[in-house]
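Shown here: my_file-v7.tsv, TSV, C-alpha atoms (C1' of nucleotides).
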chain	number	residue	atom	x	y	z
A	1	MET	CA	111.32	94.68	84.52
A	2	HIS	CA	110.47	96.09	87.92
A	3	SER	CA	112.31	98.95	89.54
A	4	PRO	CA	115.13	97.19	91.35
A	5	GLU	CA	114.47	99.33	94.44
A	6	LEU	CA	111.15	97.61	95.08
A	7	LEU	CA	112.78	94.21	94.91
A	8	LYS	CA	115.14	95.04	97.75
A	9	GLY	CA	114.36	92.92	100.73
A	10	THR	CA	112.28	90.42	98.78
A	11	LEU	CA	115.08	88.18	97.54
A	12	GLN	CA	115.24	85.94	100.61
A	13	THR	CA	111.47	85.59	100.67
A	14	ILE	CA	111.38	84.66	96.99
A	15	VAL	CA	114.19	82.13	97.25
A	16	LEU	CA	112.73	80.45	100.31
A	17	LYS	CA	109.20	80.26	98.89
A	18	VAL	CA	110.31	78.93	95.51
A	19	LEU	CA	112.37	76.27	97.29
A	20	LYS	CA	109.37	75.34	99.40
A	21	ASP	CA	107.11	74.99	96.37
A	22	ASN	CA	109.60	73.19	94.15
A	23	GLY	CA	111.61	71.06	96.55
A	24	ARG	CA	115.33	70.75	95.96
A	25	MET	CA	116.74	73.15	93.38
A	26	TYR	CA	120.09	74.49	92.31
A	27	GLY	CA	120.96	78.15	92.03
A	28	TYR	CA	120.63	78.64	88.32
A	29	GLU	CA	117.34	76.73	88.36
A	30	ILE	CA	115.98	79.17	90.95
A	31	THR	CA	116.79	82.16	88.76
A	32	GLN	CA	115.03	80.52	85.80
A	33	ARG	CA	111.98	79.52	87.83
A	34	VAL	CA	111.59	83.06	89.19
A	35	LYS	CA	112.02	84.53	85.72
A	36	GLU	CA	109.27	82.21	84.51
A	37	LEU	CA	106.87	82.79	87.42
A	38	SER	CA	107.34	86.56	87.10
A	39	ASP	CA	106.94	86.58	83.33
A	40	ASP	CA	110.47	87.98	82.92
A	41	ARG	CA	109.84	90.79	85.36
A	42	ILE	CA	112.11	89.55	88.13
A	43	LEU	CA	115.60	88.61	87.02
A	44	ILE	CA	117.71	87.50	89.96
A	45	THR	CA	121.35	88.32	89.43
A	46	GLU	CA	124.00	85.80	90.35
A	47	GLY	CA	125.84	88.36	92.45
A	48	ALA	CA	122.77	88.59	94.65
A	49	LEU	CA	121.65	84.97	94.60
A	50	TYR	CA	124.77	83.05	95.53
A	51	PRO	CA	125.72	85.13	98.56
A	52	ALA	CA	122.09	84.90	99.70
A	53	LEU	CA	122.09	81.10	99.38
A	54	HIS	CA	125.41	80.84	101.24
A	55	LYS	CA	124.08	83.02	104.02
A	56	LEU	CA	120.88	81.00	104.40
A	57	GLU	CA	122.93	77.80	104.46
A	58	ALA	CA	125.29	79.21	107.09
A	59	GLU	CA	122.26	80.12	109.19
A	60	GLY	CA	120.94	76.57	108.98
A	61	MET	CA	117.92	77.42	106.84
A	62	LEU	CA	119.12	75.43	103.83
A	63	ARG	CA	121.16	72.30	103.32
A	64	THR	CA	123.04	71.33	100.18
A	65	GLU	CA	123.88	68.24	98.17
A	66	THR	CA	126.35	68.40	95.34
A	67	GLU	CA	125.62	66.44	92.19
A	68	THR	CA	127.78	65.96	89.14
A	69	ILE	CA	126.00	65.86	85.79
A	70	GLY	CA	128.58	64.88	83.18
A	71	LYS	CA	131.47	67.10	84.20
A	72	ARG	CA	129.17	69.83	85.45
A	73	VAL	CA	128.76	70.35	89.19
A	74	ARG	CA	125.39	71.34	90.58
A	75	LYS	CA	124.71	72.35	94.14
A	76	TYR	CA	121.19	71.45	95.18
A	77	TYR	CA	119.57	73.39	97.99
A	78	SER	CA	116.63	72.34	100.11
A	79	LEU	CA	114.90	73.68	103.20
A	80	THR	CA	115.74	72.48	106.68
A	81	PRO	CA	112.94	72.35	109.27
A	82	GLN	CA	114.13	75.76	110.49
A	83	GLY	CA	114.00	76.97	106.91
A	84	ARG	CA	110.38	75.83	106.64
A	85	SER	CA	109.45	78.03	109.58
A	86	LEU	CA	111.29	80.95	108.09
A	87	VAL	CA	109.37	80.69	104.80
A	88	LYS	CA	106.07	81.09	106.61
A	89	GLU	CA	107.40	84.00	108.61
A	90	ARG	CA	108.80	85.79	105.57
A	91	VAL	CA	105.69	85.28	103.44
A	92	ASN	CA	103.44	86.50	106.26
A	93	GLU	CA	105.69	89.50	106.69
A	94	PHE	CA	105.34	90.31	103.02
A	95	VAL	CA	101.55	89.91	103.06
A	96	GLU	CA	101.33	92.24	106.06
A	97	PHE	CA	103.53	94.70	104.24
A	98	ILE	CA	101.30	94.84	101.16
A	99	LYS	CA	98.22	95.20	103.37
A	100	THR	CA	99.79	98.20	105.06
A	101	MET	CA	100.88	99.67	101.75
A	102	GLY	CA	97.33	99.11	100.48
A	103	ASN	CA	96.06	101.32	103.28
A	104	VAL	CA	98.68	104.00	102.85
A	105	LEU	CA	98.29	104.14	99.08
A	106	GLN	CA	94.51	103.67	99.34
A	107	LEU	CA	94.55	100.78	96.90
A	108	GLN	CA	91.40	98.86	96.09
A	109	ILE	CA	92.06	95.52	97.72
A	110	LYS	CA	90.13	92.81	95.83
B	1	MET	CA	106.97	97.93	112.40
B	2	HIS	CA	107.79	96.39	109.04
B	3	SER	CA	111.18	95.08	108.09
B	4	PRO	CA	112.86	98.24	106.82
B	5	GLU	CA	114.20	96.31	103.81
B	6	LEU	CA	110.74	95.96	102.33
B	7	LEU	CA	110.14	99.69	102.58
B	8	LYS	CA	113.12	100.44	100.37
B	9	GLY	CA	112.01	102.08	97.20
B	10	THR	CA	108.51	102.86	98.46
B	11	LEU	CA	109.24	106.21	100.10
B	12	GLN	CA	108.79	108.34	96.99
B	13	THR	CA	105.58	106.53	96.09
B	14	ILE	CA	104.19	107.01	99.58
B	15	VAL	CA	105.08	110.70	99.76
B	16	LEU	CA	103.64	111.46	96.34
B	17	LYS	CA	100.41	109.55	96.94
B	18	VAL	CA	99.82	111.05	100.37
B	19	LEU	CA	100.37	114.51	98.90
B	20	LYS	CA	97.91	113.74	96.13
B	21	ASP	CA	95.24	112.58	98.57
B	22	ASN	CA	95.74	115.32	101.13
B	23	GLY	CA	96.67	118.35	99.06
B	24	ARG	CA	99.35	120.63	100.40
B	25	MET	CA	101.25	119.31	103.39
B	26	TYR	CA	104.45	120.02	105.26
B	27	GLY	CA	107.13	117.46	106.01
B	28	TYR	CA	106.34	116.64	109.58
B	29	GLU	CA	102.66	116.38	108.70
B	30	ILE	CA	103.49	113.76	106.07
B	31	THR	CA	105.32	111.59	108.60
B	32	GLN	CA	102.34	111.79	110.97
B	33	ARG	CA	99.79	111.01	108.27
B	34	VAL	CA	101.75	107.97	107.12
B	35	LYS	CA	102.17	106.78	110.70
B	36	GLU	CA	98.40	107.09	111.11
B	37	LEU	CA	97.45	105.43	107.79
B	38	SER	CA	99.84	102.56	108.47
B	39	ASP	CA	98.72	102.08	112.07
B	40	ASP	CA	102.23	102.88	113.33
B	41	ARG	CA	103.83	100.35	111.03
B	42	ILE	CA	105.56	102.82	108.72
B	43	LEU	CA	107.59	105.48	110.50
B	44	ILE	CA	109.29	107.76	108.01
B	45	THR	CA	112.56	109.08	109.36
B	46	GLU	CA	113.48	112.71	108.85
B	47	GLY	CA	116.83	111.74	107.40
B	48	ALA	CA	114.98	109.97	104.60
B	49	LEU	CA	112.05	112.35	104.15
B	50	TYR	CA	113.69	115.76	103.80
B	51	PRO	CA	116.26	114.74	101.18
B	52	ALA	CA	113.47	112.96	99.28
B	53	LEU	CA	111.30	116.09	99.30
B	54	HIS	CA	114.20	118.27	98.20
B	55	LYS	CA	114.97	115.90	95.36
B	56	LEU	CA	111.37	115.81	94.15
B	57	GLU	CA	111.24	119.59	94.29
B	58	ALA	CA	114.49	119.92	92.34
B	59	GLU	CA	113.03	117.61	89.71
B	60	GLY	CA	109.95	119.78	89.36
B	61	MET	CA	107.53	117.27	90.87
B	62	LEU	CA	106.72	119.38	93.91
B	63	ARG	CA	106.50	123.08	94.60
B	64	THR	CA	106.79	124.75	97.98
B	65	GLU	CA	105.29	127.65	99.89
B	66	THR	CA	106.74	128.73	103.19
B	67	GLU	CA	104.40	129.75	105.94
B	68	THR	CA	105.17	131.16	109.34
B	69	ILE	CA	102.96	130.05	112.21
B	70	GLY	CA	103.95	132.17	115.22
B	71	LYS	CA	107.72	131.96	115.04
B	72	ARG	CA	107.64	128.51	113.51
B	73	VAL	CA	108.42	128.06	109.82
B	74	ARG	CA	106.56	125.47	107.85
B	75	LYS	CA	107.37	124.45	104.31
B	76	TYR	CA	104.28	123.30	102.49
B	77	TYR	CA	104.69	120.97	99.55
B	78	SER	CA	102.21	120.32	96.77
B	79	LEU	CA	102.24	118.44	93.48
B	80	THR	CA	103.01	120.12	90.18
B	81	PRO	CA	101.25	118.81	87.05
B	82	GLN	CA	104.37	116.75	86.37
B	83	GLY	CA	104.17	115.46	89.91
B	84	ARG	CA	100.57	114.36	89.31
B	85	SER	CA	101.71	112.19	86.40
B	86	LEU	CA	104.48	110.73	88.49
B	87	VAL	CA	102.08	109.66	91.25
B	88	LYS	CA	100.05	107.60	88.80
B	89	GLU	CA	103.17	106.06	87.36
B	90	ARG	CA	104.62	105.18	90.75
B	91	VAL	CA	101.38	103.75	92.11
B	92	ASN	CA	100.85	101.66	88.97
B	93	GLU	CA	104.42	100.45	89.24
B	94	PHE	CA	103.80	99.36	92.81
B	95	VAL	CA	100.55	97.60	91.92
B	96	GLU	CA	102.30	95.73	89.11
B	97	PHE	CA	105.04	94.80	91.52
B	98	ILE	CA	102.67	93.25	94.04
B	99	LYS	CA	100.84	91.39	91.26
B	100	THR	CA	104.14	89.90	90.14
B	101	MET	CA	105.10	89.05	93.70
B	102	GLY	CA	101.68	87.45	94.13
B	103	ASN	CA	102.48	85.10	91.26
B	104	VAL	CA	105.98	84.31	92.41
B	105	LEU	CA	104.94	83.70	96.01
B	106	GLN	CA	101.70	82.03	94.91
B	107	LEU	CA	99.59	84.24	97.12
B	108	GLN	CA	95.82	83.98	97.05
B	109	ILE	CA	94.76	87.02	95.12
B	110	LYS	CA	91.02	86.76	95.14
C	1	DA	C1'	112.65	124.28	134.90
C	2	DA	C1'	112.60	120.28	132.12
C	3	DC	C1'	111.02	117.22	128.90
C	4	DA	C1'	108.33	115.87	124.85
C	5	DA	C1'	106.55	117.17	120.67
C	6	DT	C1'	106.87	120.03	116.68
C	7	DA	C1'	109.69	121.47	112.59
C	8	DC	C1'	113.40	121.89	109.73
C	9	DA	C1'	118.16	120.26	107.91
C	10	DT	C1'	122.47	117.65	106.77
C	11	DA	C1'	126.49	114.46	107.41
C	12	DA	C1'	128.33	109.83	108.39
C	13	DG	C1'	127.62	105.12	108.12
C	14	DT	C1'	125.21	100.66	106.60
C	15	DG	C1'	124.02	96.83	103.78
C	16	DA	C1'	121.46	94.54	100.28
C	17	DG	C1'	121.64	94.88	96.15
C	18	DT	C1'	124.15	95.74	90.99
C	19	DT	C1'	128.01	95.49	88.07
C	20	DA	C1'	132.14	93.40	86.79
C	21	DT	C1'	135.07	89.69	86.51
C	22	DG	C1'	136.69	84.96	86.60
C	23	DT	C1'	136.38	79.89	85.75
C	24	DA	C1'	134.52	76.03	83.28
C	25	DT	C1'	131.15	72.88	80.62
C	26	DC	C1'	127.58	72.03	77.13
C	27	DT	C1'	125.17	72.95	72.82
C	28	DA	C1'	123.76	74.99	68.51
C	29	DA	C1'	124.95	77.57	64.31
C	30	DG	C1'	127.63	78.92	60.31
D	1	DC	C1'	135.62	73.37	64.04
D	2	DT	C1'	135.15	77.37	66.22
D	3	DT	C1'	132.46	80.78	68.02
D	4	DA	C1'	128.70	82.40	70.57
D	5	DG	C1'	125.12	81.63	73.90
D	6	DA	C1'	123.32	79.07	77.57
D	7	DT	C1'	124.43	76.60	81.73
D	8	DA	C1'	126.67	76.73	86.42
D	9	DC	C1'	129.26	78.28	90.06
D	10	DA	C1'	131.77	82.12	92.76
D	11	DT	C1'	133.52	86.57	94.66
D	12	DA	C1'	135.16	91.47	94.73
D	13	DA	C1'	134.23	96.40	93.91
D	14	DC	C1'	130.92	99.68	93.88
D	15	DT	C1'	126.25	102.15	94.49
D	16	DC	C1'	122.75	104.41	96.70
D	17	DA	C1'	118.51	104.68	99.35
D	18	DC	C1'	118.09	104.32	103.41
D	19	DT	C1'	119.28	104.58	109.05
D	20	DT	C1'	121.57	106.76	112.65
D	21	DA	C1'	123.46	110.69	114.60
D	22	DT	C1'	123.69	115.39	115.18
D	23	DG	C1'	122.38	120.20	115.08
D	24	DT	C1'	119.12	124.26	115.62
D	25	DA	C1'	114.97	126.32	117.28
D	26	DT	C1'	109.97	126.84	118.83
D	27	DT	C1'	105.83	125.26	121.30
D	28	DG	C1'	103.28	122.78	124.70
D	29	DT	C1'	103.02	120.05	128.95
D	30	DT	C1'	104.25	118.57	133.91
Have the structure of the file written as structure tokens, please.
Amino acid sequence: MHSPELLKGTLQTIVLKVLKDNGRMYGYEITQRVKELSDDRILITEGALYPALHKLEAEGMLRTETETIGKRVRKYYSLTPQGRSLVKERVNEFVEFIKTMGNVLQLQIK
Amino acid sequence: MHSPELLKGTLQTIVLKVLKDNGRMYGYEITQRVKELSDDRILITEGALYPALHKLEAEGMLRTETETIGKRVRKYYSLTPQGRSLVKERVNEFVEFIKTMGNVLQLQIK
DNA sequence: AACAATACATAAGTGAGTTATGTATCTAAG
DNA sequence: CTTAGATACATAACTCACTTATGTATTGTT
């Protein structure tokens, strides 16, 4: 598991990108997908995820559809056109960030 | 300038690594070196730096020597052997983190 | 003289996260 | 069958590394 400090500020980027790559998903599914992609190194907590999803929805980046499976309610999220732009922005931002950190920490890039 | 959120948790790593690469340095010098290495993208604030240095010193990672230039006091910091271990640990941690993020965000790592 | 840069330090405030708690359904084990 | 774990959502209290603000003092520049 990674130091939680480093993860700060990456949650939105992760959520948006995973939604872009996987289409419509519900909250719990996102946590599981990230766990899988990160080989158990990034475990998104519900207390962080749900407020983040609500915020992105309120900002018009995501839209939701509610589906009932048996008696279980699932809230599916997908990107709006605005959300699609934001993904690109956020991912670019992150790539720039690691480039800069590569310089500062003198990491061998490639 | 990078989104300050992404920087969270990287300050200690940056300070330790810059000290390792440059030998003994004083606080203000560290901020300037990081500004330079990051092409003005990472501007360490004094309110973050000095407490961080004091903490690392209290933990035995850094030692200090005070020097007086004219009437100006400078506090030089350098790594202790323990500090040297910590640099490696922190830098490895960061590298692992960006590898994981590379997987999650499906970035081209070539 | 006045302002910017150098050089240190600490206190108050912020905000994205963690931790804790609550509700409820589904499924596997003993 | 009932108990525990996984599934699925949600929100409130708290934490803590940072930003912002403030303070002191020297040095260099206009």
Dump as JSON lines the rows for residues of chain D within 12 Å of region 11-26 of chain A: closest atom pair and distance in Å with one decimal, only C-alpha atoms (C1' of nucleotides) counted, ordered by chain and rising residue number.
{"residue": "D:DT7", "atom": "C1'", "partner": "A:Tyr26", "partner_atom": "CA", "distance": 11.6}
{"residue": "D:DA8", "atom": "C1'", "partner": "A:Tyr26", "partner_atom": "CA", "distance": 9.1}
{"residue": "D:DC9", "atom": "C1'", "partner": "A:Tyr26", "partner_atom": "CA", "distance": 10.2}
>> Contacts from chain A to chain B, 8 Å maximum, all atoms listed in the file: show me the residue list as a PyMOL selection string.
In response: chain A and resi 2+5-10+14+17-18+34+37-38+41+91+93-94+97-98+100-101+103-105+110
Kindly assemble as CSV a list of the chain C residues that lie within 10 Å of chain B, each paired with its nearest atom pair and their distance in Å to one decimal, using only C-alpha atoms (C1' of nucleotides), sorted first by chain and then by ascending residue number.
residue,atom,partner,partner_atom,distance
C:DT6,C1',B:Tyr28,CA,7.9
C:DA7,C1',B:Tyr28,CA,6.6
C:DC8,C1',B:Val73,CA,7.9
C:DA9,C1',B:Tyr50,CA,7.6
C:DT10,C1',B:Gly47,CA,8.2
C:DG15,C1',B:Glu5,CA,9.8
C:DA16,C1',B:Glu5,CA,8.3
> Can you tell me how far CA of Gln32 (chain B) sits from CA of Ala52 (chain B), in Å to one decimal?
Replying inline: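 CA of Gln32 (chain B) sits 16.2 Å away from CA of Ala52 (chain B).
Closest approach to chain D from the set A:Leu49, A:Asn92, A:Leu56, A:Gln108 is made by A:Leu49, with distances taken over only C-alpha atoms (C1' of nucleotides).
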>> For a quick check of understanding, using only C-alpha atoms (C1' of nucleotides), which of B:Leu79, B:Lys55, B:Gly70, B:Thr31 has the smallest distance to chain D?
In response: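 Selected residue with least distance to chain D: B:Gly70.
Interatomic distance, CA of Arg63 (chain A) against C1' of DG17 (chain C): 23.7 Å.
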>> If the cut-off is 12 Å, can you tell me the residues of chain D near chain A, counting only C-alpha atoms (C1' of nucleotides)? I'd like them as a PyMOL selection string.
In response: chain D and resi 6-13+16-18
> When you draw a straight line from CA of His54 (chain B) to CA of Ile30 (chain B), how long is it in Å?
Replying inline: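 These atoms are spaced 14.0 Å apart.
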>> With all atoms listed in the file as the counted atoms, please give the residues lying no more than 8 Å from Gly60 (chain B), apart from itself and same-chain residues fewer than 5 positions off, as a VMD selection string.
In response: chain B and resid 80 82 to 83
Put the listed atoms of region 50-67 of chain A in a box along x, y and z with 3 Å added on every side and give me the centre and edge lengths in Å to one decimal, as JSON.
{"center_x": 122.1, "center_y": 75.8, "center_z": 100.7, "size_x": 14.4, "size_y": 24.7, "size_z": 23.0}
Residue rebuild result region 97-108 of chain B, all heavy atoms as a PDB file, keeping the file's coordinate frame:
ATOM      1  N   PHE B  97     104.063  95.520  90.701  1.00  0.00           N
ATOM      2  CA  PHE B  97     105.040  94.800  91.520  1.00  0.00           C
ATOM      3  C   PHE B  97     104.361  93.784  92.442  1.00  0.00           C
ATOM      4  O   PHE B  97     104.768  92.627  92.513  1.00  0.00           O
ATOM      5  CB  PHE B  97     105.876  95.796  92.322  1.00  0.00           C
ATOM      6  CG  PHE B  97     106.700  95.176  93.409  1.00  0.00           C
ATOM      7  CD1 PHE B  97     107.767  94.343  93.106  1.00  0.00           C
ATOM      8  CD2 PHE B  97     106.403  95.428  94.740  1.00  0.00           C
ATOM      9  CE1 PHE B  97     108.536  93.773  94.114  1.00  0.00           C
ATOM     10  CE2 PHE B  97     107.167  94.867  95.758  1.00  0.00           C
ATOM     11  CZ  PHE B  97     108.224  94.024  95.439  1.00  0.00           C
ATOM     12  N   ILE B  98     103.300  94.201  93.119  1.00  0.00           N
ATOM     13  CA  ILE B  98     102.670  93.250  94.040  1.00  0.00           C
ATOM     14  C   ILE B  98     101.930  92.144  93.293  1.00  0.00           C
ATOM     15  O   ILE B  98     101.858  91.023  93.765  1.00  0.00           O
ATOM     16  CB  ILE B  98     101.767  93.913  95.131  1.00  0.00           C
ATOM     17  CG1 ILE B  98     100.646  94.737  94.538  1.00  0.00           C
ATOM     18  CG2 ILE B  98     102.593  94.752  96.077  1.00  0.00           C
ATOM     19  CD1 ILE B  98      99.755  95.360  95.611  1.00  0.00           C
ATOM     20  N   LYS B  99     101.439  92.457  92.081  1.00  0.00           N
ATOM     21  CA  LYS B  99     100.840  91.390  91.260  1.00  0.00           C
ATOM     22  C   LYS B  99     101.894  90.341  90.937  1.00  0.00           C
ATOM     23  O   LYS B  99     101.664  89.138  91.081  1.00  0.00           O
ATOM     24  CB  LYS B  99     100.282  91.968  89.957  1.00  0.00           C
ATOM     25  CG  LYS B  99      98.914  92.583  90.083  1.00  0.00           C
ATOM     26  CD  LYS B  99      98.403  92.976  88.687  1.00  0.00           C
ATOM     27  CE  LYS B  99      97.276  93.997  88.782  1.00  0.00           C
ATOM     28  NZ  LYS B  99      96.991  94.606  87.458  1.00  0.00           N
ATOM     29  N   THR B 100     103.052  90.816  90.488  1.00  0.00           N
ATOM     30  CA  THR B 100     104.140  89.900  90.140  1.00  0.00           C
ATOM     31  C   THR B 100     104.556  89.077  91.350  1.00  0.00           C
ATOM     32  O   THR B 100     104.701  87.859  91.261  1.00  0.00           O
ATOM     33  CB  THR B 100     105.353  90.685  89.609  1.00  0.00           C
ATOM     34  OG1 THR B 100     104.960  91.410  88.452  1.00  0.00           O
ATOM     35  CG2 THR B 100     106.490  89.744  89.245  1.00  0.00           C
ATOM     36  N   MET B 101     104.716  89.758  92.479  1.00  0.00           N
ATOM     37  CA  MET B 101     105.100  89.050  93.700  1.00  0.00           C
ATOM     38  C   MET B 101     104.027  88.032  94.088  1.00  0.00           C
ATOM     39  O   MET B 101     104.346  86.948  94.574  1.00  0.00           O
ATOM     40  CB  MET B 101     105.343  90.043  94.832  1.00  0.00           C
ATOM     41  CG  MET B 101     106.658  90.787  94.722  1.00  0.00           C
ATOM     42  SD  MET B 101     108.124  89.725  94.802  1.00  0.00           S
ATOM     43  CE  MET B 101     108.123  89.277  96.550  1.00  0.00           C
ATOM     44  N   GLY B 102     102.792  88.378  93.871  1.00  0.00           N
ATOM     45  CA  GLY B 102     101.680  87.450  94.130  1.00  0.00           C
ATOM     46  C   GLY B 102     101.835  86.165  93.332  1.00  0.00           C
ATOM     47  O   GLY B 102     101.619  85.068  93.864  1.00  0.00           O
ATOM     48  N   ASN B 103     102.238  86.289  92.093  1.00  0.00           N
ATOM     49  CA  ASN B 103     102.480  85.100  91.260  1.00  0.00           C
ATOM     50  C   ASN B 103     103.670  84.299  91.757  1.00  0.00           C
ATOM     51  O   ASN B 103     103.592  83.083  91.896  1.00  0.00           O
ATOM     52  CB  ASN B 103     102.748  85.510  89.810  1.00  0.00           C
ATOM     53  CG  ASN B 103     101.497  86.000  89.120  1.00  0.00           C
ATOM     54  OD1 ASN B 103     100.386  85.618  89.467  1.00  0.00           O
ATOM     55  ND2 ASN B 103     101.673  86.861  88.144  1.00  0.00           N
ATOM     56  N   VAL B 104     104.755  85.000  92.015  1.00  0.00           N
ATOM     57  CA  VAL B 104     105.980  84.310  92.410  1.00  0.00           C
ATOM     58  C   VAL B 104     105.799  83.599  93.753  1.00  0.00           C
ATOM     59  O   VAL B 104     106.226  82.463  93.930  1.00  0.00           O
ATOM     60  CB  VAL B 104     107.177  85.281  92.476  1.00  0.00           C
ATOM     61  CG1 VAL B 104     108.401  84.602  93.047  1.00  0.00           C
ATOM     62  CG2 VAL B 104     107.476  85.842  91.091  1.00  0.00           C
ATOM     63  N   LEU B 105     105.128  84.282  94.670  1.00  0.00           N
ATOM     64  CA  LEU B 105     104.940  83.700  96.010  1.00  0.00           C
ATOM     65  C   LEU B 105     103.652  82.879  96.091  1.00  0.00           C
ATOM     66  O   LEU B 105     103.310  82.363  97.153  1.00  0.00           O
ATOM     67  CB  LEU B 105     104.917  84.808  97.074  1.00  0.00           C
ATOM     68  CG  LEU B 105     106.172  85.679  97.194  1.00  0.00           C
ATOM     69  CD1 LEU B 105     106.007  86.682  98.331  1.00  0.00           C
ATOM     70  CD2 LEU B 105     107.416  84.819  97.419  1.00  0.00           C
ATOM     71  N   GLN B 106     102.948  82.781  94.977  1.00  0.00           N
ATOM     72  CA  GLN B 106     101.700  82.030  94.910  1.00  0.00           C
ATOM     73  C   GLN B 106     100.723  82.440  96.005  1.00  0.00           C
ATOM     74  O   GLN B 106     100.168  81.597  96.705  1.00  0.00           O
ATOM     75  CB  GLN B 106     101.984  80.525  95.061  1.00  0.00           C
ATOM     76  CG  GLN B 106     103.111  80.014  94.190  1.00  0.00           C
ATOM     77  CD  GLN B 106     102.626  79.471  92.853  1.00  0.00           C
ATOM     78  OE1 GLN B 106     102.246  80.221  91.948  1.00  0.00           O
ATOM     79  NE2 GLN B 106     102.600  78.181  92.751  1.00  0.00           N
ATOM     80  N   LEU B 107     100.526  83.746  96.110  1.00  0.00           N
ATOM     81  CA  LEU B 107      99.590  84.240  97.120  1.00  0.00           C
ATOM     82  C   LEU B 107      98.179  84.179  96.562  1.00  0.00           C
ATOM     83  O   LEU B 107      97.966  84.302  95.363  1.00  0.00           O
ATOM     84  CB  LEU B 107      99.931  85.684  97.499  1.00  0.00           C
ATOM     85  CG  LEU B 107     101.348  85.955  97.977  1.00  0.00           C
ATOM     86  CD1 LEU B 107     101.539  87.430  98.262  1.00  0.00           C
ATOM     87  CD2 LEU B 107     101.670  85.135  99.214  1.00  0.00           C
ATOM     88  N   GLN B 108      97.234  83.958  97.449  1.00  0.00           N
ATOM     89  CA  GLN B 108      95.820  83.980  97.050  1.00  0.00           C
ATOM     90  C   GLN B 108      95.445  85.399  96.713  1.00  0.00           C
ATOM     91  O   GLN B 108      95.208  86.196  97.618  1.00  0.00           O
ATOM     92  CB  GLN B 108      94.902  83.548  98.196  1.00  0.00           C
ATOM     93  CG  GLN B 108      95.350  82.355  98.991  1.00  0.00           C
ATOM     94  CD  GLN B 108      95.005  81.057  98.297  1.00  0.00           C
ATOM     95  OE1 GLN B 108      95.469  80.795  97.169  1.00  0.00           O
ATOM     96  NE2 GLN B 108      94.202  80.265  98.961  1.00  0.00           N
TER      97      GLN B 108
END
